[in-house]
$ cat data.pdb   # PDB, C-alpha atoms
ATOM      1  CA  MET E  11     -18.486 -11.220 -37.467
ATOM      2  CA  ILE E  12     -18.951  -7.494 -36.797
ATOM      3  CA  LEU E  13     -16.830  -6.660 -39.852
ATOM      4  CA  ALA E  14     -19.050  -8.841 -42.053
ATOM      5  CA  VAL E  15     -22.155  -7.052 -40.752
ATOM      6  CA  TYR E  16     -20.675  -3.633 -41.553
ATOM      7  CA  ILE E  17     -19.745  -4.710 -45.074
ATOM      8  CA  LEU E  18     -23.198  -6.175 -45.671
ATOM      9  CA  LEU E  19     -24.891  -2.997 -44.434
ATOM     10  CA  ALA E  20     -22.653  -0.889 -46.670
ATOM     11  CA  LEU E  21     -23.531  -2.938 -49.742
ATOM     12  CA  ILE E  22     -27.237  -2.760 -48.961
ATOM     13  CA  ALA E  23     -27.075   0.998 -48.398
ATOM     14  CA  VAL E  24     -25.219   1.649 -51.658
ATOM     15  CA  ALA E  25     -27.562  -0.621 -53.615
ATOM     16  CA  ALA E  26     -30.631   1.050 -52.100
ATOM     17  CA  VAL E  27     -29.386   4.556 -52.873
ATOM     18  CA  ALA E  28     -28.423   3.575 -56.423
ATOM     19  CA  TYR E  29     -31.886   2.123 -57.015
ATOM     20  CA  VAL E  30     -33.591   5.262 -55.751
ATOM     21  CA  VAL E  31     -31.339   7.519 -57.855
ATOM     22  CA  VAL E  32     -31.945   5.610 -61.056
ATOM     23  CA  ASN E  33     -35.699   5.275 -60.644
ATOM     24  CA  PHE E  34     -36.945   8.291 -58.696
ATOM     25  CA  ILE E  35     -34.437  11.171 -58.530
ATOM     26  CA  PRO E  36     -34.265  13.770 -61.307
ATOM     27  CA  LYS E  37     -30.884  13.977 -63.075
ATOM     28  CA  LYS E  38     -30.341  17.562 -61.928
ATOM     29  CA  LEU E  39     -30.153  16.290 -58.301
ATOM     30  CA  HIS E  40     -27.716  13.472 -59.013
ATOM     31  CA  TRP E  41     -24.788  15.652 -57.810
ATOM     32  CA  LEU E  42     -26.417  15.868 -54.386
ATOM     33  CA  ILE E  43     -26.919  12.138 -54.304
ATOM     34  CA  SER E  44     -23.268  11.674 -55.236
ATOM     35  CA  LEU E  45     -22.259  13.721 -52.203
ATOM     36  CA  ILE E  46     -24.534  11.646 -49.993
ATOM     37  CA  LEU E  47     -23.059   8.430 -51.398
ATOM     38  CA  LEU E  48     -19.552   9.746 -50.825
ATOM     39  CA  ALA E  49     -20.409  10.562 -47.217
ATOM     40  CA  LEU E  50     -21.865   7.079 -46.757
ATOM     41  CA  ILE E  51     -18.742   5.495 -48.231
ATOM     42  CA  VAL E  52     -16.494   7.514 -45.899
ATOM     43  CA  LEU E  53     -18.650   6.640 -42.874
ATOM     44  CA  MET E  54     -18.775   2.936 -43.644
ATOM     45  CA  SER E  55     -15.046   2.871 -44.407
ATOM     46  CA  TYR E  56     -14.406   4.419 -41.006
ATOM     47  CA  LYS E  57     -16.612   1.796 -39.348
ATOM     48  CA  ILE E  58     -14.934  -1.042 -41.217
ATOM     49  CA  VAL E  59     -11.409   0.143 -40.418
ATOM     50  CA  GLY E  60     -12.418   0.644 -36.786
ATOM     51  CA  SER E  61     -13.819  -2.879 -36.664
ATOM     52  CA  ILE E  62     -10.551  -4.259 -38.040
ATOM     53  CA  MET E  63      -8.323  -2.224 -35.738
ATOM     54  CA  LYS E  64     -10.262  -2.798 -32.502
ATOM     55  CA  PRO E  65      -9.146  -6.437 -31.929
ATOM     56  CA  ILE E  66      -5.603  -5.537 -33.022
ATOM     57  CA  LYS E  67      -5.408  -2.737 -30.438
ATOM     58  CA  PHE E  68      -7.070  -4.991 -27.863
ATOM     59  CA  ALA E  69      -4.445  -7.709 -28.407
ATOM     60  CA  LYS E  70      -1.580  -5.197 -28.050
ATOM     61  CA  ILE E  71      -2.925  -3.669 -24.822
ATOM     62  CA  LYS E  72      -3.858  -7.106 -23.464
ATOM     63  CA  ARG E  73      -0.323  -8.403 -24.051
ATOM     64  CA  ALA E  74       1.175  -5.449 -22.173
ATOM     65  CA  LYS E  75      -1.211  -5.913 -19.226
ATOM     66  CA  TYR E  76      -0.722  -9.682 -19.083
ATOM     67  CA  THR E  77       3.071  -9.320 -19.134
ATOM     68  CA  LYS E  78       2.993  -7.215 -15.954
ATOM     69  CA  VAL E  79       0.546  -9.579 -14.246
ATOM     70  CA  ILE E  80       2.596 -12.651 -15.129
ATOM     71  CA  HIS E  81       5.762 -10.936 -13.875
ATOM     72  CA  ASN E  82       4.187 -10.786 -10.408
ATOM     73  CA  LEU E  83       2.841 -14.321 -10.611
ATOM     74  CA  LYS E  84       6.364 -15.558 -11.341
ATOM     75  CA  MET E  85       7.602 -13.812  -8.198
ATOM     76  CA  ILE E  86       4.846 -15.498  -6.187
ATOM     77  CA  LYS E  87       5.819 -18.866  -7.646
ATOM     78  CA  ASP E  88       9.510 -18.372  -6.833
ATOM     79  CA  ALA E  89       8.656 -17.314  -3.283
ATOM     80  CA  GLU E  90       6.329 -20.292  -2.802
ATOM     81  CA  VAL E  91       8.890 -22.773  -4.118
ATOM     82  CA  ALA E  92      11.568 -21.386  -1.780
ATOM     83  CA  TYR E  93       9.128 -21.418   1.146
ATOM     84  CA  GLN E  94       8.183 -25.029   0.424
ATOM     85  CA  LYS E  95      11.850 -26.086   0.467
ATOM     86  CA  ASN E  96      12.207 -24.769   4.005
ATOM     87  CA  HIS E  97       8.797 -25.575   5.445
ATOM     88  CA  LYS E  98       7.807 -28.647   3.390
ATOM     89  CA  HIS E  99       4.511 -27.031   2.384
ATOM     90  CA  PHE E 100       3.189 -24.017   0.497
ATOM     91  CA  THR E 101       1.348 -21.165   2.165
ATOM     92  CA  ALA E 102      -1.575 -18.812   1.442
ATOM     93  CA  ASP E 103      -0.365 -16.336   4.069
ATOM     94  CA  LYS E 104       0.788 -13.352   2.016
ATOM     95  CA  ALA E 105       2.418 -11.526   4.921
ATOM     96  CA  ALA E 106       4.301 -14.657   5.968
ATOM     97  CA  LEU E 107       5.569 -15.179   2.425
ATOM     98  CA  VAL E 108       6.852 -11.613   2.124
ATOM     99  CA  LYS E 109       8.514 -11.903   5.539
ATOM    100  CA  PHE E 110      10.108 -15.197   4.488
ATOM    101  CA  VAL E 111      11.637 -13.615   1.370
ATOM    102  CA  ASP E 112      12.737 -10.590   3.350
ATOM    103  CA  SER E 113      14.481 -12.319   6.236
ATOM    104  CA  ASP E 114      14.884 -16.090   5.796
ATOM    105  CA  SER E 115      17.599 -18.225   4.196
ATOM    106  CA  ILE E 116      17.763 -21.414   2.171
ATOM    107  CA  PRO E 117      20.245 -24.089   3.329
ATOM    108  CA  ASN E 118      22.805 -25.266   0.797
ATOM    109  CA  ILE E 119      23.126 -29.008   1.220
ATOM    110  CA  GLU E 120      26.135 -31.131   0.313
ATOM    111  CA  VAL E 121      25.189 -34.717  -0.518
ATOM    112  CA  SER E 122      27.603 -37.614  -0.102
ATOM    113  CA  THR E 123      27.523 -41.344   0.628
ATOM    114  CA  LYS E 124      29.227 -43.502   3.197
ATOM    115  CA  ILE E 125      29.469 -47.193   3.970
ATOM    116  CA  VAL E 126      28.022 -48.479   7.241
ATOM    117  CA  LYS E 127      27.922 -51.951   8.742
ATOM    118  CA  VAL E 128      24.490 -53.532   9.207
ATOM    119  CA  ARG E 129      23.379 -56.928  10.503
ATOM    120  CA  ARG E 130      21.300 -59.076   8.193
ATOM    121  CA  GLY E 131      20.367 -62.618   9.065
ATOM    122  CA  GLY E 132      23.170 -63.069  11.510
ATOM    123  CA  ILE E 133      25.876 -61.646   9.294
ATOM    124  CA  THR E 134      27.368 -58.179   8.935
ATOM    125  CA  VAL E 135      27.218 -56.521   5.522
ATOM    126  CA  ASP E 136      28.236 -53.175   4.121
ATOM    127  CA  LYS E 137      25.450 -50.739   3.164
ATOM    128  CA  GLU E 138      25.773 -47.463   1.278
ATOM    129  CA  VAL E 139      23.744 -44.645   2.808
ATOM    130  CA  ARG E 140      23.077 -41.093   1.671
ATOM    131  CA  VAL E 141      24.423 -38.315   3.872
ATOM    132  CA  GLU E 142      23.225 -34.720   3.693
ATOM    133  CA  LYS E 143      25.187 -31.898   5.298
ATOM    134  CA  ILE E 144      24.290 -28.204   5.433
ATOM    135  CA  VAL E 145      27.399 -26.329   4.315
ATOM    136  CA  SER E 146      26.039 -22.781   4.096
ATOM    137  CA  TYR E 147      22.915 -20.635   3.854
ATOM    138  CA  THR E 148      21.753 -18.332   1.070
ATOM    139  CA  PRO E 149      19.399 -15.428   1.865
ATOM    140  CA  VAL E 150      16.122 -15.861  -0.009
ATOM    141  CA  LYS E 151      16.182 -12.144  -0.789
ATOM    142  CA  SER E 152      19.251 -12.603  -2.989
ATOM    143  CA  ALA E 153      17.111 -14.358  -5.603
ATOM    144  CA  PHE E 154      14.752 -11.371  -5.677
ATOM    145  CA  ALA E 155      17.284  -8.602  -6.263
ATOM    146  CA  GLY E 156      15.674  -5.807  -8.283
ATOM    147  CA  ARG E 157      12.217  -7.341  -7.928
ATOM    148  CA  ASP E 158       9.419  -5.660  -5.997
ATOM    149  CA  TYR E 159       8.500  -8.763  -4.015
ATOM    150  CA  LYS E 160       6.821  -6.759  -1.255
ATOM    151  CA  ASN E 161       4.111  -5.811  -3.755
ATOM    152  CA  MET E 162       4.029  -9.087  -5.672
ATOM    153  CA  PHE E 163       0.451  -9.830  -4.547
ATOM    154  CA  LYS E 164      -0.914  -6.651  -6.138
ATOM    155  CA  VAL E 165      -2.422  -7.123  -9.593
ATOM    156  CA  PRO E 166      -0.678  -4.490 -11.782
ATOM    157  CA  GLY E 167      -2.995  -1.888 -13.277
ATOM    158  CA  THR E 168      -5.777  -2.603 -10.771
ATOM    159  CA  ASP E 169      -6.616  -1.958  -7.126
ATOM    160  CA  ILE E 170      -7.089  -5.648  -6.294
ATOM    161  CA  MET E 171      -4.897  -8.474  -4.999
ATOM    162  CA  PHE E 172      -4.247 -11.930  -6.412
ATOM    163  CA  ASP E 173      -6.423 -14.678  -4.973
ATOM    164  CA  ILE E 174      -4.033 -17.187  -3.407
ATOM    165  CA  LYS E 175      -4.834 -20.527  -1.768
ATOM    166  CA  ALA E 176      -2.865 -23.490  -0.449
ATOM    167  CA  ASP E 177      -4.003 -27.031   0.259
ATOM    168  CA  SER E 178      -2.945 -30.690   0.329
ATOM    169  CA  ILE E 179      -4.092 -33.280  -2.198
ATOM    170  CA  GLU E 180      -3.618 -37.027  -2.593
ATOM    171  CA  LYS E 181      -2.448 -37.588  -6.179
ATOM    172  CA  VAL E 182      -0.693 -40.835  -5.239
ATOM    173  CA  GLU E 183      -2.515 -43.147  -2.851
ATOM    174  CA  GLY E 184      -1.305 -42.644   0.686
ATOM    175  CA  ILE E 185       0.879 -39.649  -0.168
ATOM    176  CA  MET E 186      -0.335 -36.116   0.534
ATOM    177  CA  SER E 187       1.231 -33.328  -1.518
ATOM    178  CA  SER E 188       1.158 -29.627  -0.738
ATOM    179  CA  VAL E 189      -0.213 -27.422  -3.533
ATOM    180  CA  PHE E 190      -0.944 -23.740  -4.078
ATOM    181  CA  GLU E 191      -2.604 -21.520  -6.652
ATOM    182  CA  ALA E 192      -2.480 -17.760  -7.267
ATOM    183  CA  LYS E 193      -4.826 -16.290  -9.861
ATOM    184  CA  VAL E 194      -6.771 -13.269 -11.102
ATOM    185  CA  ASP E 195      -9.816 -13.049 -13.347
ATOM    186  CA  LYS E 196      -8.965 -11.801 -16.844
ATOM    187  CA  ALA E 197     -11.962  -9.450 -16.674
ATOM    188  CA  ASP E 198     -10.342  -7.634 -13.734
ATOM    189  CA  VAL E 199      -7.097  -7.194 -15.648
ATOM    190  CA  LEU E 200      -8.889  -6.004 -18.806
ATOM    191  CA  HIS E 201     -11.483  -3.856 -17.017
ATOM    192  CA  GLY E 202     -12.711  -0.936 -19.145
ATOM    193  CA  MET E 203     -11.979  -2.592 -22.485
ATOM    194  CA  ASP E 204     -14.517  -3.911 -25.007
ATOM    195  CA  SER E 205     -16.824  -6.375 -23.202
ATOM    196  CA  TYR E 206     -17.296  -8.545 -26.310
ATOM    197  CA  LEU E 207     -13.540  -8.991 -26.731
ATOM    198  CA  ILE E 208     -13.100  -9.685 -23.002
ATOM    199  CA  ALA E 209     -15.799 -12.388 -23.150
ATOM    200  CA  SER E 210     -14.026 -13.949 -26.139
ATOM    201  CA  GLU E 211     -10.656 -13.749 -24.345
ATOM    202  CA  LYS E 212     -12.022 -15.662 -21.354
ATOM    203  CA  GLU E 213     -12.856 -18.559 -23.698
ATOM    204  CA  ALA E 214      -9.262 -18.904 -24.983
ATOM    205  CA  ILE E 215      -8.250 -22.549 -25.254
ATOM    206  CA  GLY E 216      -4.473 -22.132 -25.140
ATOM    207  CA  GLY E 217      -1.922 -22.231 -27.931
ATOM    208  CA  THR E 218      -0.479 -18.715 -28.081
ATOM    209  CA  GLU E 219      -3.123 -17.426 -25.652
ATOM    210  CA  VAL E 220      -3.535 -17.595 -21.870
ATOM    211  CA  LYS E 221      -5.985 -20.450 -21.384
ATOM    212  CA  GLY E 222      -9.317 -19.986 -19.598
ATOM    213  CA  LYS E 223     -10.961 -17.319 -17.441
ATOM    214  CA  PHE E 224      -7.978 -16.651 -15.207
ATOM    215  CA  ILE E 225      -4.278 -15.873 -15.363
ATOM    216  CA  SER E 226      -2.847 -18.275 -12.811
ATOM    217  CA  VAL E 227       0.179 -20.092 -11.452
ATOM    218  CA  GLY E 228       0.138 -23.392  -9.572
ATOM    219  CA  SER E 229      -2.935 -25.581  -9.122
ATOM    220  CA  LEU E 230      -5.157 -26.881  -6.335
ATOM    221  CA  GLU E 231      -5.990 -29.967  -8.394
ATOM    222  CA  ASP E 232      -2.553 -31.052  -9.593
ATOM    223  CA  VAL E 233       1.009 -31.071  -8.242
ATOM    224  CA  LYS E 234       2.541 -28.319 -10.353
ATOM    225  CA  VAL E 235       3.978 -24.823  -9.980
ATOM    226  CA  SER E 236       3.803 -23.695 -13.604
ATOM    227  CA  GLY E 237       1.549 -20.958 -14.977
ATOM    228  CA  ASN E 238      -1.217 -21.210 -17.579
ATOM    229  CA  TRP E 239       0.386 -18.712 -19.971
ATOM    230  CA  PRO E 240       2.162 -19.646 -23.244
ATOM    231  CA  PRO E 241       5.992 -19.516 -23.654
ATOM    232  CA  ILE E 242       5.743 -16.135 -25.388
ATOM    233  CA  TYR E 243       5.460 -14.550 -21.932
ATOM    234  CA  ASP E 244       8.689 -16.219 -20.782
ATOM    235  CA  GLY E 245      10.880 -14.611 -23.414
ATOM    236  CA  ARG E 246      12.640 -12.159 -21.088
ATOM    237  CA  LYS E 247      13.616 -14.348 -18.169
ATOM    238  CA  LYS E 248      16.274 -11.984 -16.846
ATOM    239  CA  LYS E 249      13.609  -9.420 -15.999
ATOM    240  CA  ASP E 250      11.349 -11.947 -14.292
TER     241      ASP E 250
END

$ encode --input "data.pdb" --output "structure tokens"
Amino acid sequence: MILAVYILLALIAVAAVAYVVVNFIPKKLHWLISLILLALIVLMSYKIVGSIMKPIKFAKIKRAKYTKVIHNLKMIKDAEVAYQKNHKHFTADKAALVKFVDSDSIPNIEVSTKIVKVRRGGITVDKEVRVEKIVSYTPVKSAFAGRDYKNMFKVPGTDIMFDIKADSIEKVEGIMSSVFEAKVDKADVLHGMDSYLIASEKEAIGGTEVKGKFISVGSLEDVKVSGNWPPIYDGRKKKD
């Protein structure tokens, strides 16, 4: 849109100057007008190139910023999932989650079956039952080796923290499920960049873009622990 406006203005300016030259300017001054036209062409070319490059630069910087933010959101998700395995619910307590990663362990469970005798209608029958046995424990911290989990709630490139909440919802009648969500407003991540491009970014509908106004993981409205970013941000799993 902005590019089209610049091009239209350039065409109007050139046409206006050409009209004035032909109809009102003496021939001996045409050299001066040529210099003016050349200056106008250079100026408008600069504006047009700048208009083309601005969204390209914005997309490159945005991608770099989002990658760092999503890296931390993935750590939060991993910590929440591990916490939920031990405590049967998610948590919004940031200090408790860091402490859990730092000092707690996840039980490794061996599952087997056995046959037991049960009475049914006056007779004894065999019934297969599931048996779970804790065989060892794995420190939660081992899954976060090389990851700065103690600072995972800080939004990279800013001085703010992720907004994190936990709740319980009833997606299936009679069954309450624990949920959590961690998010940050895109405008906070992109602070200082072109406001028009930020406004457009917050209207992204998905595809190869991060959908909506926020970069988030989890949901308070659905039972899920995934993020709202596209697969392109999951390309380097070993570093996440």

$ atom_distance --input "data.pdb" --atom1 "CA of Pro241 (chain E)" --atom2 "CA of Val111 (chain E)"
26.3 Å

$ resolve_selection --input "data.pdb" --expression "the PyMOL selection byres ((chain E and resi 115) around 6)" --output "number ranges by chain"
E: 114, 116, 147-150

$ residues_around --input "data.pdb" --residues "Asp177 (chain E)" --least-positions-apart "3" --cutoff "7 Å" --atoms "only C-alpha atoms" --output "VMD selection string"
chain E and resid 188 to 190 230

$ resolve_selection --input "data.pdb" --expression "the PyMOL selection byres ((chain E and resi 95) around 12)" --output "list in words"
Asp88, Ala89, Glu90, Val91, Ala92, Tyr93, Gln94, Asn96, His97, Lys98, His99, Phe100, Thr101, Phe110, Asp114, Ser115, Ile116, Pro117, Asn118, Ile119, Val150 and Ser188 of chain E

$ write_last_selection --input "data.pdb" --atoms "C-alpha atoms" --output "PDB file, in the coordinates of the input"
ATOM      1  CA  ASP E  88       9.510 -18.372  -6.833  1.00  0.00           C
ATOM      2  CA  ALA E  89       8.656 -17.314  -3.283  1.00  0.00           C
ATOM      3  CA  GLU E  90       6.329 -20.292  -2.802  1.00  0.00           C
ATOM      4  CA  VAL E  91       8.890 -22.773  -4.118  1.00  0.00           C
ATOM      5  CA  ALA E  92      11.568 -21.386  -1.780  1.00  0.00           C
ATOM      6  CA  TYR E  93       9.128 -21.418   1.146  1.00  0.00           C
ATOM      7  CA  GLN E  94       8.183 -25.029   0.424  1.00  0.00           C
ATOM      8  CA  ASN E  96      12.207 -24.769   4.005  1.00  0.00           C
ATOM      9  CA  HIS E  97       8.797 -25.575   5.445  1.00  0.00           C
ATOM     10  CA  LYS E  98       7.807 -28.647   3.390  1.00  0.00           C
ATOM     11  CA  HIS E  99       4.511 -27.031   2.384  1.00  0.00           C
ATOM     12  CA  PHE E 100       3.189 -24.017   0.497  1.00  0.00           C
ATOM     13  CA  THR E 101       1.348 -21.165   2.165  1.00  0.00           C
ATOM     14  CA  PHE E 110      10.108 -15.197   4.488  1.00  0.00           C
ATOM     15  CA  ASP E 114      14.884 -16.090   5.796  1.00  0.00           C
ATOM     16  CA  SER E 115      17.599 -18.225   4.196  1.00  0.00           C
ATOM     17  CA  ILE E 116      17.763 -21.414   2.171  1.00  0.00           C
ATOM     18  CA  PRO E 117      20.245 -24.089   3.329  1.00  0.00           C
ATOM     19  CA  ASN E 118      22.805 -25.266   0.797  1.00  0.00           C
ATOM     20  CA  ILE E 119      23.126 -29.008   1.220  1.00  0.00           C
ATOM     21  CA  VAL E 150      16.122 -15.861  -0.009  1.00  0.00           C
ATOM     22  CA  SER E 188       1.158 -29.627  -0.738  1.00  0.00           C
TER      23      SER E 188
END

$ resolve_selection --input "data.pdb" --expression "the PyMOL selection byres ((chain E and resi 170) around 12)" --output "PyMOL selection string"
chain E and resi 79+161-169+171-173+193-195+198-199+201

$ residues_around --input "data.pdb" --residues "Ile185 (chain E)" --least-positions-apart "6" --cutoff "12 Å" --atoms "only C-alpha atoms" --output "JSON, numbers by chain"
{"E": [178, 179, 233]}

$ residues_around --input "data.pdb" --residues "Lys84 (chain E)" --least-positions-apart "5" --cutoff "12 Å" --atoms "only C-alpha atoms" --output "MDAnalysis selection string"
chainID E and resid 77:79 89:91 154 157:159 162:163 191:193 225:228 235:239 243:244 247:250

$ atom_distance --input "data.pdb" --atom1 "CA of Lys181 (chain E)" --atom2 "CA of Lys223 (chain E)"
24.7 Å

$ closest_residue --input "data.pdb" --among "E:Leu50, E:Thr123, E:Gly156, E:Ile144" --to "Ile22 (chain E)" --atoms "only C-alpha atoms"
E:Leu50
